[in-house]
Amino acid sequence: MNTFKNWSSSSYWIYFLGAPLLVILSLHTITTISIISLIGALSGLLSVVLIVNKNRSAGYIGMISAVIYMFISWRLGNYSDTLLNILFIMFLNLPLILNKQYSDKVSPKSIKDNPQMEVILLACFIIIYMTLFTIEVQVFHAPRPTFSVLAATLGIVASIATSFFVLKESFFIWGIQNIFQVILFSITYYQTKDSTALLMLVTYILYTINASTAFFNGKWFVNNK
């Protein structure tokens, strides 16, 4: 698989400027946790850049970041985010790995042409949100359930829209989800002053910028109207 080939120019800029920034942040305090967190952040950033470029390698690299993010989120008390990354493996990474036809040649669909998908995604959102919120509050007694559950739910729905339906509109969902993750880890960093939370905050800011490039890089929108 050509992991670093056929990227849009904006994707090269995001990754090769964003990756050194994440490394610099990690150099502030070098510990086992910070190194593991850096590996998760770098692989996570690479995976979302690959998703924007419809590169199947995103499944393999995303699985690495998901496993690391599970550990980080649990450590920081964002339990829905831990479950989110387990579900990312199920609903995003594995489908991308198993779908040998997934590539930058695949033509994305639109909800406008498939209105039943809107109903399916809405139903998924409601069911997933209610389930995660119940688990977060009743089982884990989590400190930040509102943003944590909302971010997790949007992430799962975006995963389904991307890997199963290959919908253009999945990037609207990804953008919103990334913004909520920025809010979640901003609150987490404010409350904990944990350097790992700061690294995750910057990582999700880069994710948000990356998702925005899908609207003009030609692989999802411009050349596929």
# chains A, B, ... in the order shown; residues from 1 in each chain; ligands from 1
call {"tool": "residues_around", "arguments": {"residues": "A:Ile33", "least_positions_apart": "5", "cutoff": "9 Å", "atoms": "only C-alpha atoms", "output": "list in words"}}
result
Leu38, Ile72 and Thr196 of chain A
call {"tool": "residues_around", "arguments": {"residues": "A:Ser47", "least_positions_apart": "2", "cutoff": "7 Å", "atoms": "only C-alpha atoms", "output": "ChimeraX atom specification"}}
result
/A:43-45,49-51,58,61-62
call {"tool": "write_last_selection", "arguments": {"atoms": "C-alpha atoms", "output": "mmCIF file, in the first residue's frame"}}
result
data_model
loop_
_atom_site.group_PDB
_atom_site.id
_atom_site.type_symbol
_atom_site.label_atom_id
_atom_site.label_comp_id
_atom_site.auth_asym_id
_atom_site.auth_seq_id
_atom_site.Cartn_x
_atom_site.Cartn_y
_atom_site.Cartn_z
ATOM 1 C CA SER A 43 -0.283 7.636 14.241
ATOM 2 C CA GLY A 44 -3.688 9.192 14.894
ATOM 3 C CA LEU A 45 -2.845 12.283 12.868
ATOM 4 C CA VAL A 49 -4.904 12.427 6.952
ATOM 5 C CA LEU A 50 -5.100 9.075 5.159
ATOM 6 C CA ILE A 51 -8.892 8.970 5.604
ATOM 7 C CA ALA A 58 -5.754 4.451 7.486
ATOM 8 C CA ILE A 61 -2.459 2.958 11.355
ATOM 9 C CA GLY A 62 -5.743 4.035 12.934
#
call {"tool": "residues_around", "arguments": {"residues": "A:Ile127", "least_positions_apart": "5", "cutoff": "12 Å", "atoms": "only C-alpha atoms", "output": "mmCIF file with N, CA and C atoms, in the first residue's frame"}}
result
data_model
loop_
_atom_site.group_PDB
_atom_site.id
_atom_site.type_symbol
_atom_site.label_atom_id
_atom_site.label_comp_id
_atom_site.auth_asym_id
_atom_site.auth_seq_id
_atom_site.Cartn_x
_atom_site.Cartn_y
_atom_site.Cartn_z
ATOM 1 N N ILE A 120 -31.030 6.314 8.978
ATOM 2 C CA ILE A 120 -30.184 5.302 9.620
ATOM 3 C C ILE A 120 -29.166 5.954 10.557
ATOM 4 N N LEU A 121 -28.518 7.011 10.085
ATOM 5 C CA LEU A 121 -27.507 7.683 10.899
ATOM 6 C C LEU A 121 -28.128 8.372 12.113
ATOM 7 N N LEU A 122 -29.304 8.953 11.936
ATOM 8 C CA LEU A 122 -29.997 9.597 13.063
ATOM 9 C C LEU A 122 -30.370 8.565 14.111
ATOM 10 N N LEU A 132 -24.328 5.186 25.618
ATOM 11 C CA LEU A 132 -23.078 5.674 26.188
ATOM 12 C C LEU A 132 -23.309 6.558 27.403
ATOM 13 N N PHE A 133 -24.339 7.395 27.355
ATOM 14 C CA PHE A 133 -24.599 8.288 28.481
ATOM 15 C C PHE A 133 -24.968 7.481 29.726
ATOM 16 N N THR A 134 -25.775 6.441 29.532
ATOM 17 C CA THR A 134 -26.154 5.579 30.649
ATOM 18 C C THR A 134 -24.925 4.900 31.251
ATOM 19 N N VAL A 149 -19.535 11.983 26.023
ATOM 20 C CA VAL A 149 -20.505 11.125 25.339
ATOM 21 C C VAL A 149 -20.858 11.691 23.964
ATOM 22 N N THR A 153 -20.213 9.713 20.530
ATOM 23 C CA THR A 153 -21.334 9.357 19.663
ATOM 24 C C THR A 153 -21.119 9.878 18.243
ATOM 25 N N LEU A 154 -20.701 11.118 18.127
ATOM 26 C CA LEU A 154 -20.429 11.701 16.804
ATOM 27 C C LEU A 154 -19.313 10.936 16.097
ATOM 28 N N ILE A 156 -18.520 7.735 16.400
ATOM 29 C CA ILE A 156 -19.004 6.433 15.917
ATOM 30 C C ILE A 156 -19.874 6.617 14.682
ATOM 31 N N VAL A 157 -20.769 7.601 14.719
ATOM 32 C CA VAL A 157 -21.643 7.859 13.569
ATOM 33 C C VAL A 157 -20.815 8.269 12.355
#
call {"tool": "residues_around", "arguments": {"residues": "A:Ile187", "least_positions_apart": "5", "cutoff": "10 Å", "atoms": "only C-alpha atoms", "output": "PDB file with C-alpha atoms, in the first residue's frame"}}
result
ATOM      1  CA  ARG A 144     -17.197  15.019  32.110  1.00  0.00           C
ATOM      2  CA  PHE A 147     -18.917  16.398  26.103  1.00  0.00           C
ATOM      3  CA  GLN A 181     -13.005  16.631  21.305  1.00  0.00           C
ATOM      4  CA  VAL A 182     -11.112  19.931  21.427  1.00  0.00           C
ATOM      5  CA  THR A 192      -5.936  18.102  35.436  1.00  0.00           C
ATOM      6  CA  LYS A 193      -3.040  20.179  34.029  1.00  0.00           C
ATOM      7  CA  ALA A 197      -4.256  16.135  27.858  1.00  0.00           C
ATOM      8  CA  LEU A 201      -5.886  18.893  22.703  1.00  0.00           C
TER       9      LEU A 201
END
call {"tool": "residues_around", "arguments": {"residues": "A:Met200", "least_positions_apart": "4", "cutoff": "8 Å", "atoms": "only C-alpha atoms", "output": "ChimeraX atom specification"}}
result
/A:41,185,196,204
call {"tool": "residues_around", "arguments": {"residues": "A:Asn99", "least_positions_apart": "3", "cutoff": "12 Å", "atoms": "only C-alpha atoms", "output": "NGL selection string"}}
result
:A and (54-59 or 92-96 or 102-103 or 106 or 163-166)
call {"tool": "atom_distance", "arguments": {"atom1": "atom CA of A:Leu83", "atom2": "atom CA of A:Ile135"}}
result
10.0 Å
call {"tool": "closest_residue", "arguments": {"among": "A:Ser159, A:Thr29, A:Gln138, A:Ser65", "to": "A:Phe91", "atoms": "only C-alpha atoms"}}
result
A:Ser159
call {"tool": "select_by_dssp", "arguments": {"residues": "stretch 13-54 of chain A", "states": "alpha helix (DSSP H)", "output": "JSON, numbers by chain"}}
result
{"A": [13, 14, 15, 16, 17, 18, 19, 20, 21, 22, 23, 24, 25, 26, 32, 33, 34, 35, 36, 37, 38, 39, 40, 41, 42, 43, 44, 45, 46, 47, 48, 49, 50, 51, 52]}
call {"tool": "atom_distance", "arguments": {"atom1": "atom CA of A:Lys105", "atom2": "atom CA of A:Phe4"}}
result
15.9 Å
call {"tool": "residues_around", "arguments": {"residues": "A:Thr146", "least_positions_apart": "2", "cutoff": "10 Å", "atoms": "only C-alpha atoms", "output": "VMD selection string"}}
result
chain A and resid 80 133 136 to 137 142 to 144 148 to 151 184
call {"tool": "write_last_selection", "arguments": {"atoms": "C-alpha atoms", "output": "CSV table (one decimal), in the first residue's frame"}}
result
chain,number,residue,atom,x,y,z
A,80,SER,CA,-16.7,7.2,26.7
A,133,PHE,CA,-24.6,8.3,28.5
A,136,GLU,CA,-20.9,6.9,31.5
A,137,VAL,CA,-23.1,8.1,34.3
A,142,ALA,CA,-17.4,10.0,34.8
A,143,PRO,CA,-16.4,13.6,35.6
A,144,ARG,CA,-17.2,15.0,32.1
A,148,SER,CA,-17.3,13.0,26.4
A,149,VAL,CA,-20.5,11.1,25.3
A,150,LEU,CA,-21.4,13.6,22.6
A,151,ALA,CA,-17.9,13.5,21.1
A,184,LEU,CA,-13.4,17.9,26.0
call {"tool": "closest_residue", "arguments": {"among": "A:Ser110, A:Ser26, A:Ser170, A:Thr31", "to": "A:Leu198", "atoms": "only C-alpha atoms"}}
result
A:Ser26
